[in-house]
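What's in target_23.txt: compact mmCIF, C-alpha atoms and all ligand atoms
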# COMPACT_ATOMS: atom_id res chain seq x y z
CA MET A 217 38.88 -9.07 0.71
CA SER A 218 41.37 -10.31 -1.90
CA ASN A 219 40.99 -9.66 -5.62
CA SER A 220 40.31 -13.33 -6.29
CA GLU A 221 37.27 -13.26 -4.01
CA ARG A 222 35.63 -10.31 -5.78
CA THR A 223 32.53 -10.78 -7.93
CA PRO A 224 33.99 -10.25 -11.42
CA GLU A 225 31.47 -7.66 -12.66
CA ARG A 226 32.23 -5.26 -9.80
CA THR A 227 35.04 -2.72 -10.12
CA PRO A 228 37.38 -2.12 -7.16
CA GLU A 229 35.66 1.28 -6.58
CA GLU A 230 32.28 -0.41 -6.42
CA GLU A 231 33.62 -2.99 -4.03
CA THR A 232 34.57 -0.30 -1.57
CA ALA A 233 31.22 1.46 -1.91
CA GLN A 234 29.03 -1.61 -1.61
CA GLN A 235 27.67 -2.44 1.83
CA THR A 236 26.36 -5.51 3.61
CA VAL A 237 23.30 -5.07 5.83
CA LYS A 238 20.61 -7.22 7.41
CA GLY A 239 17.38 -7.76 5.49
CA VAL A 240 14.29 -9.98 5.50
CA ILE A 241 14.00 -12.39 2.58
CA ALA A 242 11.46 -14.93 1.35
CA ARG A 243 13.60 -17.74 -0.02
CA GLU A 244 10.88 -19.98 -1.41
CA LYS A 245 7.11 -20.13 -1.83
CA GLY A 246 5.30 -20.30 1.51
CA ALA A 247 8.48 -20.77 3.58
CA GLU A 248 8.90 -18.63 6.70
CA VAL A 249 10.82 -15.43 6.04
CA GLU A 250 14.40 -15.19 7.27
CA LEU A 251 16.90 -12.54 8.25
CA ALA A 252 19.90 -12.58 5.90
CA ASP A 253 22.97 -10.57 4.95
CA ILE A 254 22.09 -8.38 1.97
CA VAL A 255 24.63 -6.73 -0.32
CA ILE A 256 23.69 -3.19 -1.37
CA PRO A 257 25.74 -2.25 -4.44
CA ALA A 258 27.20 1.19 -4.93
CA PRO A 259 24.44 3.40 -6.36
CA GLY A 260 24.23 3.76 -10.16
CA PRO A 261 24.10 7.32 -11.57
CA ASN A 262 20.43 7.90 -10.62
CA ASP A 263 20.27 5.54 -7.65
CA VAL A 264 20.11 6.36 -3.97
CA VAL A 265 20.97 4.38 -0.83
CA VAL A 266 18.36 5.02 1.86
CA LYS A 267 18.93 4.32 5.53
CA VAL A 268 15.62 2.75 6.51
CA GLN A 269 13.94 4.06 9.66
CA ALA A 270 10.53 2.38 9.47
CA THR A 271 8.70 -0.08 7.18
CA GLY A 272 5.08 -1.22 7.51
CA VAL A 273 4.10 -4.86 7.06
CA CYS A 274 1.63 -4.99 4.13
CA HIS A 275 -0.56 -7.76 2.76
CA THR A 276 1.44 -7.57 -0.43
CA ASP A 277 4.61 -8.72 1.40
CA LEU A 278 2.73 -11.82 2.50
CA ALA A 279 1.44 -12.29 -1.06
CA TYR A 280 5.05 -12.20 -2.35
CA ARG A 281 6.21 -14.77 0.20
CA ASP A 282 3.23 -17.01 -0.71
CA GLY A 283 4.11 -16.82 -4.43
CA ASP A 284 0.81 -15.09 -5.28
CA ILE A 285 2.42 -12.18 -7.16
CA GLU A 286 5.30 -13.64 -9.12
CA ASP A 287 7.71 -16.52 -8.95
CA ALA A 288 11.02 -14.62 -8.88
CA PHE A 289 12.29 -15.97 -5.53
CA PRO A 290 14.20 -15.03 -3.43
CA PHE A 291 12.43 -11.78 -2.59
CA LEU A 292 13.68 -8.97 -0.42
CA LEU A 293 10.43 -7.98 1.27
CA GLY A 294 9.17 -4.63 2.59
CA HIS A 295 8.01 -1.50 0.78
CA GLU A 296 6.04 0.88 3.07
CA THR A 297 9.03 2.91 4.12
CA ALA A 298 10.38 6.16 5.49
CA GLY A 299 14.09 6.82 5.92
CA ILE A 300 17.03 9.13 5.36
CA VAL A 301 18.93 9.45 2.10
CA GLU A 302 22.47 8.23 2.81
CA THR A 303 24.43 8.24 -0.46
CA VAL A 304 23.47 9.28 -3.97
CA GLY A 305 24.67 8.40 -7.48
CA GLU A 306 26.62 10.94 -9.53
CA ASP A 307 23.62 12.26 -11.55
CA VAL A 308 21.12 12.50 -8.70
CA THR A 309 19.43 15.91 -8.37
CA HIS A 310 16.05 15.00 -6.90
CA VAL A 311 17.28 14.41 -3.31
CA GLU A 312 20.47 14.76 -1.31
CA PRO A 313 22.05 13.00 1.66
CA GLY A 314 20.18 13.76 4.89
CA ASP A 315 16.74 14.22 3.26
CA PHE A 316 13.80 12.56 5.06
CA VAL A 317 11.87 10.61 2.41
CA VAL A 318 8.97 8.23 1.94
CA LEU A 319 9.63 5.58 -0.71
CA ASN A 320 7.15 5.04 -3.53
CA TRP A 321 6.48 2.48 -6.24
CA ARG A 322 5.21 5.02 -8.74
CA ALA A 323 8.29 7.00 -9.82
CA VAL A 324 6.77 8.31 -13.06
CA CYS A 325 8.95 8.30 -16.17
CA GLY A 326 7.43 11.31 -17.96
CA GLU A 327 7.99 9.66 -21.35
CA CYS A 328 5.74 6.61 -21.79
CA ARG A 329 2.46 6.77 -23.72
CA ALA A 330 0.45 7.43 -20.52
CA CYS A 331 2.81 10.14 -19.27
CA ARG A 332 2.85 11.81 -22.69
CA LYS A 333 -0.89 12.34 -22.59
CA GLY A 334 -0.65 13.78 -19.08
CA ASP A 335 -1.97 10.67 -17.36
CA THR A 336 1.09 10.21 -15.17
CA LYS A 337 -0.73 8.22 -12.47
CA ASN A 338 -0.95 5.43 -15.04
CA CYS A 339 2.75 5.59 -16.00
CA PHE A 340 3.68 2.27 -17.66
CA ASN A 341 7.43 2.58 -17.13
CA THR A 342 8.04 3.63 -13.53
CA HIS A 343 11.64 3.94 -12.36
CA ASN A 344 13.49 1.48 -10.13
CA ALA A 345 17.15 1.20 -9.07
CA SER A 346 19.49 0.35 -11.94
CA LYS A 347 21.21 -2.41 -9.95
CA SER A 348 20.00 -5.40 -7.96
CA MET A 349 20.62 -6.10 -4.32
CA THR A 350 21.99 -9.60 -3.76
CA LEU A 351 22.78 -12.21 -1.15
CA GLU A 352 26.45 -12.51 -0.22
CA ASP A 353 26.94 -15.34 -2.71
CA GLY A 354 25.75 -13.05 -5.53
CA THR A 355 22.19 -14.45 -5.78
CA VAL A 356 20.01 -11.66 -7.13
CA LEU A 357 17.13 -10.60 -4.88
CA THR A 358 13.82 -9.42 -6.32
CA ALA A 359 12.87 -6.31 -4.38
CA ALA A 360 9.18 -6.26 -3.37
CA LEU A 361 7.39 -3.62 -5.49
CA GLY A 362 10.82 -2.49 -6.66
CA ILE A 363 11.75 -1.36 -3.14
CA GLY A 364 12.78 -4.17 -0.71
CA SER A 365 13.06 -2.35 2.59
CA PHE A 366 12.70 -4.76 5.49
CA ALA A 367 16.41 -4.00 5.69
CA GLU A 368 18.76 -1.61 7.40
CA LYS A 369 19.37 0.10 4.04
CA THR A 370 17.94 -0.22 0.56
CA LEU A 371 18.75 0.88 -2.99
CA VAL A 372 16.13 2.74 -5.05
CA HIS A 373 15.88 5.19 -7.96
CA GLU A 374 16.06 8.84 -6.88
CA LYS A 375 12.47 9.42 -8.03
CA GLN A 376 11.26 6.68 -5.71
CA CYS A 377 12.10 9.07 -2.87
CA THR A 378 9.54 11.71 -1.93
CA GLN A 379 10.60 14.33 0.59
CA VAL A 380 8.12 15.01 3.38
CA ASN A 381 8.15 17.14 6.55
CA PRO A 382 10.92 15.70 8.79
CA ASP A 383 8.82 16.41 11.90
CA GLU A 384 6.69 13.37 11.02
CA ASP A 385 7.10 10.05 12.85
CA PRO A 386 8.83 7.73 10.31
CA ALA A 387 6.51 4.84 11.30
CA ALA A 388 3.46 6.90 10.27
CA ALA A 389 5.04 8.53 7.21
CA GLY A 390 6.17 5.21 5.72
CA LEU A 391 2.60 3.90 5.63
CA LEU A 392 1.74 6.42 2.94
CA GLY A 393 4.14 4.47 0.72
CA CYS A 394 1.52 1.80 -0.04
CA GLY A 395 -1.63 0.54 1.70
CA ILE A 396 -2.81 3.71 3.44
CA MET A 397 -2.31 5.77 0.30
CA ALA A 398 -4.13 3.06 -1.68
CA GLY A 399 -7.26 3.28 0.50
CA LEU A 400 -7.16 7.00 1.00
CA GLY A 401 -6.64 7.62 -2.70
CA ALA A 402 -9.42 5.18 -3.63
CA ALA A 403 -11.83 7.59 -1.94
CA VAL A 404 -10.21 10.95 -2.67
CA ASN A 405 -8.70 10.35 -6.12
CA THR A 406 -10.39 7.39 -7.80
CA ALA A 407 -13.95 7.85 -6.51
CA ASP A 408 -13.39 11.61 -6.27
CA VAL A 409 -15.79 11.79 -3.31
CA GLN A 410 -17.49 15.18 -3.16
CA ARG A 411 -18.66 17.17 -0.17
CA GLY A 412 -22.18 16.01 0.77
CA GLU A 413 -21.94 12.58 -0.86
CA THR A 414 -22.59 9.24 0.81
CA VAL A 415 -19.97 6.47 0.87
CA ALA A 416 -19.82 2.83 2.00
CA VAL A 417 -16.54 0.97 2.51
CA PHE A 418 -16.46 -2.84 2.65
CA GLY A 419 -13.51 -4.29 4.61
CA LEU A 420 -11.82 -2.27 7.32
CA GLY A 421 -8.17 -3.29 7.35
CA GLY A 422 -5.57 -0.56 6.98
CA VAL A 423 -6.69 0.01 3.38
CA GLY A 424 -10.43 0.18 4.09
CA LEU A 425 -10.04 2.39 7.14
CA ALA A 426 -7.87 4.73 5.11
CA ALA A 427 -10.71 4.88 2.57
CA VAL A 428 -13.11 5.68 5.42
CA ALA A 429 -10.82 8.47 6.66
CA GLY A 430 -10.34 9.74 3.08
CA ALA A 431 -14.10 9.88 2.49
CA ALA A 432 -14.56 11.80 5.75
CA LEU A 433 -11.76 14.20 4.81
CA ALA A 434 -13.35 14.80 1.39
CA GLY A 435 -16.56 15.91 3.13
CA ALA A 436 -18.84 12.89 2.72
CA THR A 437 -21.85 13.35 5.00
CA LYS A 438 -22.42 9.63 5.55
CA VAL A 439 -19.56 7.18 5.71
CA ILE A 440 -20.75 3.61 6.28
CA ALA A 441 -18.11 1.10 7.34
CA VAL A 442 -18.70 -2.65 6.90
CA ASP A 443 -16.59 -5.53 8.25
CA VAL A 444 -17.10 -9.03 9.62
CA ASP A 445 -14.88 -8.10 12.59
CA LYS A 446 -16.59 -6.00 15.28
CA ARG A 447 -13.23 -4.60 16.44
CA LYS A 448 -12.68 -3.04 13.02
CA CYS A 449 -16.20 -1.59 13.01
CA ASP A 450 -15.59 0.06 16.39
CA ALA A 451 -12.25 1.47 15.19
CA ALA A 452 -13.98 2.92 12.10
CA THR A 453 -16.49 4.94 14.08
CA GLU A 454 -14.26 5.79 17.06
CA ARG A 455 -11.02 6.76 15.30
CA PHE A 456 -11.39 7.06 11.51
CA GLY A 457 -14.50 9.16 10.88
CA ALA A 458 -17.18 6.60 9.91
CA THR A 459 -20.68 7.77 10.75
CA TYR A 460 -22.14 4.23 10.85
CA ALA A 461 -20.68 0.74 11.06
CA ILE A 462 -22.26 -2.56 10.08
CA CYS A 463 -20.81 -5.75 11.51
CA SER A 464 -21.62 -8.20 8.73
CA LYS A 465 -20.44 -11.41 10.40
CA ASP A 466 -23.90 -12.94 10.85
CA LEU A 467 -25.63 -11.25 7.92
CA SER A 468 -26.35 -12.65 4.46
CA GLU A 469 -25.06 -10.80 1.40
CA ASP A 470 -28.55 -9.40 0.72
CA GLU A 471 -29.02 -8.31 4.33
CA VAL A 472 -25.80 -6.27 4.15
CA ILE A 473 -26.98 -4.62 0.92
CA GLU A 474 -30.35 -3.87 2.49
CA LYS A 475 -28.80 -2.31 5.61
CA VAL A 476 -26.49 -0.10 3.56
CA ARG A 477 -29.45 1.07 1.48
CA GLU A 478 -31.57 1.71 4.58
CA LEU A 479 -28.88 4.02 5.91
CA THR A 480 -28.97 6.06 2.70
CA GLY A 481 -32.64 6.83 2.27
CA GLY A 482 -33.34 3.47 0.64
CA TYR A 483 -31.33 4.34 -2.48
CA GLY A 484 -27.76 3.32 -1.65
CA PRO A 485 -24.57 5.40 -1.40
CA ASP A 486 -23.13 7.53 -4.20
CA VAL A 487 -19.83 5.70 -3.80
CA THR A 488 -18.99 2.16 -2.67
CA ILE A 489 -15.45 0.87 -2.12
CA ASP A 490 -14.50 -2.81 -1.95
CA ALA A 491 -11.37 -3.02 0.20
CA VAL A 492 -11.33 -6.83 0.58
CA GLY A 493 -11.17 -8.19 -2.98
CA ILE A 494 -13.48 -11.20 -2.63
CA GLN A 495 -16.78 -12.09 -4.36
CA PRO A 496 -19.14 -11.30 -1.44
CA THR A 497 -17.82 -7.78 -0.81
CA TRP A 498 -17.49 -7.09 -4.53
CA ARG A 499 -21.19 -7.97 -5.00
CA GLN A 500 -22.20 -5.98 -1.92
CA ALA A 501 -20.38 -2.93 -3.25
CA PHE A 502 -21.85 -3.40 -6.73
CA TYR A 503 -25.48 -3.86 -5.71
CA SER A 504 -25.72 -1.57 -2.69
CA ARG A 505 -24.72 1.64 -4.51
CA ASP A 506 -27.29 4.08 -5.84
CA LEU A 507 -28.25 4.05 -9.53
CA ALA A 508 -25.45 5.74 -11.47
CA GLY A 509 -23.24 5.35 -8.39
CA ARG A 510 -19.47 4.83 -8.55
CA MET A 511 -17.90 1.61 -7.31
CA VAL A 512 -14.17 1.40 -6.65
CA MET A 513 -12.19 -1.87 -6.44
CA VAL A 514 -9.16 -1.49 -4.22
CA GLY A 515 -9.08 -4.99 -2.70
CA VAL A 516 -6.97 -7.25 -4.94
CA PRO A 517 -8.78 -10.37 -6.21
CA ASN A 518 -6.88 -13.63 -6.35
CA GLN A 519 -5.63 -14.95 -9.71
CA THR A 520 -8.57 -17.30 -10.31
CA ASP A 521 -11.65 -15.46 -8.99
CA HIS A 522 -14.48 -14.59 -11.40
CA VAL A 523 -17.34 -12.14 -11.08
CA ASP A 524 -20.60 -13.48 -12.40
CA ILE A 525 -23.29 -10.84 -12.70
CA PRO A 526 -26.04 -10.43 -15.30
CA ALA A 527 -24.85 -8.07 -18.03
CA ILE A 528 -28.15 -6.21 -17.83
CA ASP A 529 -27.32 -5.27 -14.21
CA LEU A 530 -24.06 -3.74 -15.38
CA TYR A 531 -25.85 -1.74 -18.04
CA ALA A 532 -29.12 -0.83 -16.38
CA ARG A 533 -27.66 0.34 -13.07
CA GLY A 534 -25.38 2.81 -14.86
CA GLY A 535 -22.53 4.53 -13.04
CA SER A 536 -19.00 3.21 -13.06
CA ILE A 537 -16.69 0.51 -11.73
CA LYS A 538 -13.09 1.61 -11.36
CA PRO A 539 -10.07 -0.34 -10.10
CA ALA A 540 -7.78 1.80 -7.92
CA TRP A 541 -4.08 1.04 -8.22
CA TYR A 542 -2.14 2.71 -5.43
CA GLY A 543 -5.11 5.02 -4.91
CA ASP A 544 -4.35 6.71 -8.23
CA CYS A 545 -1.80 8.69 -6.25
CA LEU A 546 1.03 10.88 -7.42
CA PRO A 547 3.59 10.53 -4.62
CA GLU A 548 5.16 13.96 -5.14
CA ARG A 549 1.77 15.64 -4.86
CA ASP A 550 0.12 13.41 -2.26
CA PHE A 551 2.70 12.22 0.32
CA PRO A 552 3.74 15.69 1.57
CA THR A 553 0.08 16.77 1.68
CA TYR A 554 -1.09 13.93 3.90
CA VAL A 555 1.92 14.19 6.18
CA ASP A 556 1.10 17.88 6.67
CA LEU A 557 -2.59 17.11 7.22
CA HIS A 558 -1.57 14.58 9.86
CA LEU A 559 0.80 17.00 11.58
CA ASP A 560 -2.07 19.54 11.60
CA GLY A 561 -4.36 16.98 13.27
CA ARG A 562 -6.65 16.66 10.25
CA PHE A 563 -5.85 13.13 9.06
CA PRO A 564 -5.39 10.15 11.48
CA LEU A 565 -2.23 8.72 9.88
CA GLY A 566 -0.67 7.81 13.23
CA GLU A 567 -3.73 5.70 14.16
CA PHE A 568 -2.73 3.06 11.61
CA VAL A 569 0.45 2.18 13.54
CA SER A 570 -0.74 -0.71 15.75
CA GLU A 571 2.66 -1.88 16.97
CA ARG A 572 6.36 -1.26 16.49
CA ILE A 573 8.51 -4.34 15.94
CA GLY A 574 12.04 -5.37 14.96
CA LEU A 575 13.40 -6.82 11.71
CA GLY A 576 13.24 -10.32 13.21
CA ASP A 577 9.49 -10.10 13.90
CA VAL A 578 8.06 -9.99 10.35
CA GLU A 579 6.84 -13.61 10.29
CA GLU A 580 4.98 -13.07 13.57
CA ALA A 581 3.51 -9.86 12.14
CA PHE A 582 2.12 -11.85 9.18
CA THR A 583 0.28 -14.09 11.65
CA LYS A 584 -1.20 -11.10 13.50
CA MET A 585 -2.23 -9.59 10.17
CA LYS A 586 -4.02 -12.79 9.15
CA GLN A 587 -5.85 -12.89 12.49
CA GLY A 588 -6.93 -9.26 12.07
CA ASP A 589 -5.18 -8.22 15.29
CA VAL A 590 -3.37 -5.24 13.77
CA LEU A 591 -3.91 -2.50 11.20
CA ARG A 592 -0.20 -2.14 10.59
CA SER A 593 2.82 -3.62 12.37
CA VAL A 594 5.75 -1.34 11.62
CA VAL A 595 9.36 -2.52 11.63
CA GLU A 596 11.56 0.15 13.19
CA ILE A 597 15.33 0.20 12.75
N1 LIG B 601 -5.08 -1.51 -5.01
C1 LIG B 601 -3.96 -1.27 -4.34
O1 LIG B 601 -3.12 -0.45 -4.79
C2 LIG B 601 -3.71 -1.95 -3.05
C3 LIG B 601 -2.62 -1.60 -2.24
C4 LIG B 601 -2.44 -2.26 -1.00
C5 LIG B 601 -3.33 -3.27 -0.64
N2 LIG B 601 -4.38 -3.60 -1.47
C6 LIG B 601 -5.36 -4.66 -1.15
O2 LIG B 601 -6.36 -4.15 -0.30
C7 LIG B 601 -6.97 -5.24 0.40
C8 LIG B 601 -7.05 -4.93 1.89
O3 LIG B 601 -5.74 -4.78 2.42
P1 LIG B 601 -5.54 -4.59 4.01
O4 LIG B 601 -4.09 -4.37 4.23
O5 LIG B 601 -6.51 -3.59 4.52
O6 LIG B 601 -5.93 -6.07 4.50
P2 LIG B 601 -6.47 -6.58 5.90
O7 LIG B 601 -6.37 -8.06 5.87
O8 LIG B 601 -5.80 -5.82 6.99
O9 LIG B 601 -8.01 -6.17 5.93
C9 LIG B 601 -9.05 -6.87 5.30
C10 LIG B 601 -10.33 -6.62 6.09
O10 LIG B 601 -11.41 -7.23 5.41
C11 LIG B 601 -12.26 -7.79 6.36
N3 LIG B 601 -13.09 -8.81 5.71
C12 LIG B 601 -12.76 -10.07 5.34
N4 LIG B 601 -13.83 -10.69 4.79
C13 LIG B 601 -14.85 -9.79 4.81
C14 LIG B 601 -16.21 -9.83 4.38
N5 LIG B 601 -16.74 -10.94 3.83
N6 LIG B 601 -16.98 -8.74 4.57
C15 LIG B 601 -16.46 -7.61 5.15
N7 LIG B 601 -15.17 -7.52 5.57
C16 LIG B 601 -14.39 -8.60 5.40
C17 LIG B 601 -11.33 -8.34 7.42
O11 LIG B 601 -12.00 -8.55 8.65
C18 LIG B 601 -10.28 -7.22 7.50
O12 LIG B 601 -10.66 -6.25 8.46
C19 LIG B 601 -6.10 -6.46 0.08
O13 LIG B 601 -6.75 -7.18 -0.97
C20 LIG B 601 -4.80 -5.86 -0.41
O14 LIG B 601 -4.10 -6.72 -1.26
C21 LIG B 601 -4.58 -2.95 -2.64
ZN ZN B 602 5.52 7.10 -17.80
ZN ZN B 603 1.81 -2.58 0.20

For the file at hand, write its structure as structure tokens.
Ligand SMILES: NC(=O)c1ccc[n+]([C@@H]2O[C@H](COP(=O)([O-])OP(=O)(O)OC[C@H]3O[C@@H](n4cnc5c(N)ncnc54)[C@H](O)[C@@H]3O)[C@@H](O)[C@H]2O)c1
Ligand SMILES: [Zn+2]
Ligand SMILES: [Zn+2]
Amino acid sequence: MSNSERTPERTPEEETAQQTVKGVIAREKGAEVELADIVIPAPGPNDVVVKVQATGVCHTDLAYRDGDIEDAFPFLLGHETAGIVETVGEDVTHVEPGDFVVLNWRAVCGECRACRKGDTKNCFNTHNASKSMTLEDGTVLTAALGIGSFAEKTLVHEKQCTQVNPDEDPAAAGLLGCGIMAGLGAAVNTADVQRGETVAVFGLGGVGLAAVAGAALAGATKVIAVDVDKRKCDAATERFGATYAICSKDLSEDEVIEKVRELTGGYGPDVTIDAVGIQPTWRQAFYSRDLAGRMVMVGVPNQTDHVDIPAIDLYARGGSIKPAWYGDCLPERDFPTYVDLHLDGRFPLGEFVSERIGLGDVEEAFTKMKQGDVLRSVVEI
């Protein structure tokens, strides 16, 4: 490349260190995703280039491409990722080349007002790479959840990399990077399910089934799984530790609530988890729980939805309603733990991998996701 062709803000050293790889972008709202050449700049002092091995297809990627999250097109999609650290910036100490890592979108800063009071899971200033990945013409790409890893390589902050046991299958490990951790953590961290408690989970996609498995792992004696899709109900009881499943397809909202209560001595579960994010499941989770029960919202509502319940029901029923962002996880504490539990046969992480696909198959994977045919399609590179 001649000097005249260089992007002016890049030094000659950076030019030699930058790389061009293939990645999946969403160019405009609702348009099909496309495979493009992506420029990965040389890492800044605390940045890391990761060679991607596997990335799960998450609902949030589809939400980005549909413009439901923000309008900063074009996006570089993908964020549920495991890979190998390739090159590191000059000040990086957290990882080194060759490390097997799961990427996270909660690289806590340690200095914001939440971190200072020890509430690091609510960090308001999480770290991302200091530089942007671009298209070849210099157009800046917005990386999904600050990661952007439906790509052969990606650029992240060193603290977005969490080392886990390299014996793990990258396709399984990467799923901890978002949806599976979100559901699992909703049960284990946010609801803080205790041994002997009863739990109901509404919606059994990857997130809901992870909540089911998390509740079982935490020692819940009854785990009730609810979905409109019979296939998901069967998966919940056969592979993820649910003790009962309710297929709610032909049931009214009140009938679902009644059935959940019947299965828990007429009172309702101690904990209910909405893993869909729509009015009917929100109401089912709210009204089916026991008095003073805890309800967790992990399903993401759309931008315009409202919840209309009598204020007296909020007050008189007691208990709590808690949103769960990323399962209230701390990646450095939680990712290695659940990888080890999986490798020891105590957590069904590998069961979430429904199919392994290539970088060119992401659009098709969105269709399968919408039809409920998969828990997770995982792009392998
Ligand atoms: N809070 C977080 O940090 C976080 C992270 C990742 C995903 N999410 C959200 O979690 C939700 C679930 O994600 P997913 O990947 O499991 O999605 P998914 O589409 O795979 O699963 C949704 C499930 O809900 C079921 N469902 C739909 N309508 C229902 C109803 N009326 N009653 C019962 N079940 C119903 C579907 O059959 C499906 O099995 C989404 O809203 C997603 O955005 C939240
Ligand atoms: Zn912070
Ligand atoms: Zn996700």

For a cutoff of 9 Å around the file-coordinate point (-16.0, 19.5, -2.3), which residues qualify once you count only C-alpha atoms? I'd like the result as a PyMOL selection string. chain A and resi 409-412+434-436

My list of candidates is A:Ala491, A:Leu292, A:Val255, A:Cys545. Which is closest to Glu352 of chain A when distances are computed with only C-alpha atoms? A:Val255

Which polymer residues, protein or nucleic acid, are no farther than 6 Å from (-0.1, 0.5, 14.1), counting only C-alpha atoms, as a count of residues only? 7

Could you tell me how far atom CA of Asn381 of chain A sits from atom CA of Gly395 of chain A, in Å to one decimal place? 19.9 Å

Taking all atoms listed in the file into account, which residues have an atom no farther than 8 Å from ligand ZN 602 (chain B)? I'd like them as a list of chain:residue names.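 For ligand ZN 602 (chain B), the residues inside 8 Å are A:Val324, A:Cys325, A:Gly326, A:Glu327, A:Cys328, A:Arg329, A:Ala330, A:Cys331, A:Arg332, A:Thr336, A:Asn338, A:Cys339, A:Phe340, A:Asn341, A:Thr342.
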
Please save C-alpha atoms of the selected residues as a PDB file, in the coordinates of the input.
ATOM      1  CA  VAL A 324       6.770   8.310 -13.060  1.00  0.00           C
ATOM      2  CA  CYS A 325       8.950   8.300 -16.170  1.00  0.00           C
ATOM      3  CA  GLY A 326       7.430  11.310 -17.960  1.00  0.00           C
ATOM      4  CA  GLU A 327       7.990   9.660 -21.350  1.00  0.00           C
ATOM      5  CA  CYS A 328       5.740   6.610 -21.790  1.00  0.00           C
ATOM      6  CA  ARG A 329       2.460   6.770 -23.720  1.00  0.00           C
ATOM      7  CA  ALA A 330       0.450   7.430 -20.520  1.00  0.00           C
ATOM      8  CA  CYS A 331       2.810  10.140 -19.270  1.00  0.00           C
ATOM      9  CA  ARG A 332       2.850  11.810 -22.690  1.00  0.00           C
ATOM     10  CA  THR A 336       1.090  10.210 -15.170  1.00  0.00           C
ATOM     11  CA  ASN A 338      -0.950   5.430 -15.040  1.00  0.00           C
ATOM     12  CA  CYS A 339       2.750   5.590 -16.000  1.00  0.00           C
ATOM     13  CA  PHE A 340       3.680   2.270 -17.660  1.00  0.00           C
ATOM     14  CA  ASN A 341       7.430   2.580 -17.130  1.00  0.00           C
ATOM     15  CA  THR A 342       8.040   3.630 -13.530  1.00  0.00           C
TER      16      THR A 342
END

Show which residues sit within 8 Å of Cys394 of chain A, as an mmCIF file with C-alpha atoms, keeping the file's coordinate frame. Count only C-alpha atoms, and ignore same-chain residues fewer than 3 positions away.
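Ended up saving to selection.cif:
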data_model
loop_
_atom_site.group_PDB
_atom_site.id
_atom_site.type_symbol
_atom_site.label_atom_id
_atom_site.label_comp_id
_atom_site.auth_asym_id
_atom_site.auth_seq_id
_atom_site.Cartn_x
_atom_site.Cartn_y
_atom_site.Cartn_z
ATOM 1 C CA CYS A 274 1.630 -4.990 4.130
ATOM 2 C CA HIS A 295 8.010 -1.500 0.780
ATOM 3 C CA GLU A 296 6.040 0.880 3.070
ATOM 4 C CA ASN A 320 7.150 5.040 -3.530
ATOM 5 C CA TRP A 321 6.480 2.480 -6.240
ATOM 6 C CA LEU A 391 2.600 3.900 5.630
ATOM 7 C CA MET A 397 -2.310 5.770 0.300
ATOM 8 C CA ALA A 398 -4.130 3.060 -1.680
ATOM 9 C CA TYR A 542 -2.140 2.710 -5.430
#

If we count all atoms listed in the file, what is near segment 421-432 of chain A at a cut-off of 8 Å, once residues fewer than 4 positions away on the same chain are taken out, given as a PDB file with C-alpha atoms, in the coordinates of the input?
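And here's part_8.pdb as it stands now:
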ATOM      1  CA  GLY A 395      -1.630   0.540   1.700  1.00  0.00           C
ATOM      2  CA  ILE A 396      -2.810   3.710   3.440  1.00  0.00           C
ATOM      3  CA  MET A 397      -2.310   5.770   0.300  1.00  0.00           C
ATOM      4  CA  ALA A 398      -4.130   3.060  -1.680  1.00  0.00           C
ATOM      5  CA  GLY A 399      -7.260   3.280   0.500  1.00  0.00           C
ATOM      6  CA  LEU A 400      -7.160   7.000   1.000  1.00  0.00           C
ATOM      7  CA  GLY A 401      -6.640   7.620  -2.700  1.00  0.00           C
ATOM      8  CA  ALA A 402      -9.420   5.180  -3.630  1.00  0.00           C
ATOM      9  CA  ALA A 403     -11.830   7.590  -1.940  1.00  0.00           C
ATOM     10  CA  VAL A 404     -10.210  10.950  -2.670  1.00  0.00           C
ATOM     11  CA  VAL A 409     -15.790  11.790  -3.310  1.00  0.00           C
ATOM     12  CA  VAL A 415     -19.970   6.470   0.870  1.00  0.00           C
ATOM     13  CA  VAL A 417     -16.540   0.970   2.510  1.00  0.00           C
ATOM     14  CA  ALA A 436     -18.840  12.890   2.720  1.00  0.00           C
ATOM     15  CA  THR A 437     -21.850  13.350   5.000  1.00  0.00           C
ATOM     16  CA  VAL A 439     -19.560   7.180   5.710  1.00  0.00           C
ATOM     17  CA  ILE A 440     -20.750   3.610   6.280  1.00  0.00           C
ATOM     18  CA  ALA A 441     -18.110   1.100   7.340  1.00  0.00           C
ATOM     19  CA  LYS A 448     -12.680  -3.040  13.020  1.00  0.00           C
ATOM     20  CA  ALA A 452     -13.980   2.920  12.100  1.00  0.00           C
ATOM     21  CA  PHE A 456     -11.390   7.060  11.510  1.00  0.00           C
ATOM     22  CA  GLY A 457     -14.500   9.160  10.880  1.00  0.00           C
ATOM     23  CA  ALA A 458     -17.180   6.600   9.910  1.00  0.00           C
ATOM     24  CA  ILE A 489     -15.450   0.870  -2.120  1.00  0.00           C
ATOM     25  CA  ASP A 490     -14.500  -2.810  -1.950  1.00  0.00           C
ATOM     26  CA  ALA A 491     -11.370  -3.020   0.200  1.00  0.00           C
ATOM     27  CA  VAL A 492     -11.330  -6.830   0.580  1.00  0.00           C
ATOM     28  CA  PHE A 563      -5.850  13.130   9.060  1.00  0.00           C
ATOM     29  CA  PRO A 564      -5.390  10.150  11.480  1.00  0.00           C
ATOM     30  CA  PHE A 568      -2.730   3.060  11.610  1.00  0.00           C
ATOM     31  CA  GLY A 588      -6.930  -9.260  12.070  1.00  0.00           C
ATOM     32  CA  LEU A 591      -3.910  -2.500  11.200  1.00  0.00           C
ATOM     33  CA  ARG A 592      -0.200  -2.140  10.590  1.00  0.00           C
TER      34      ARG A 592
END
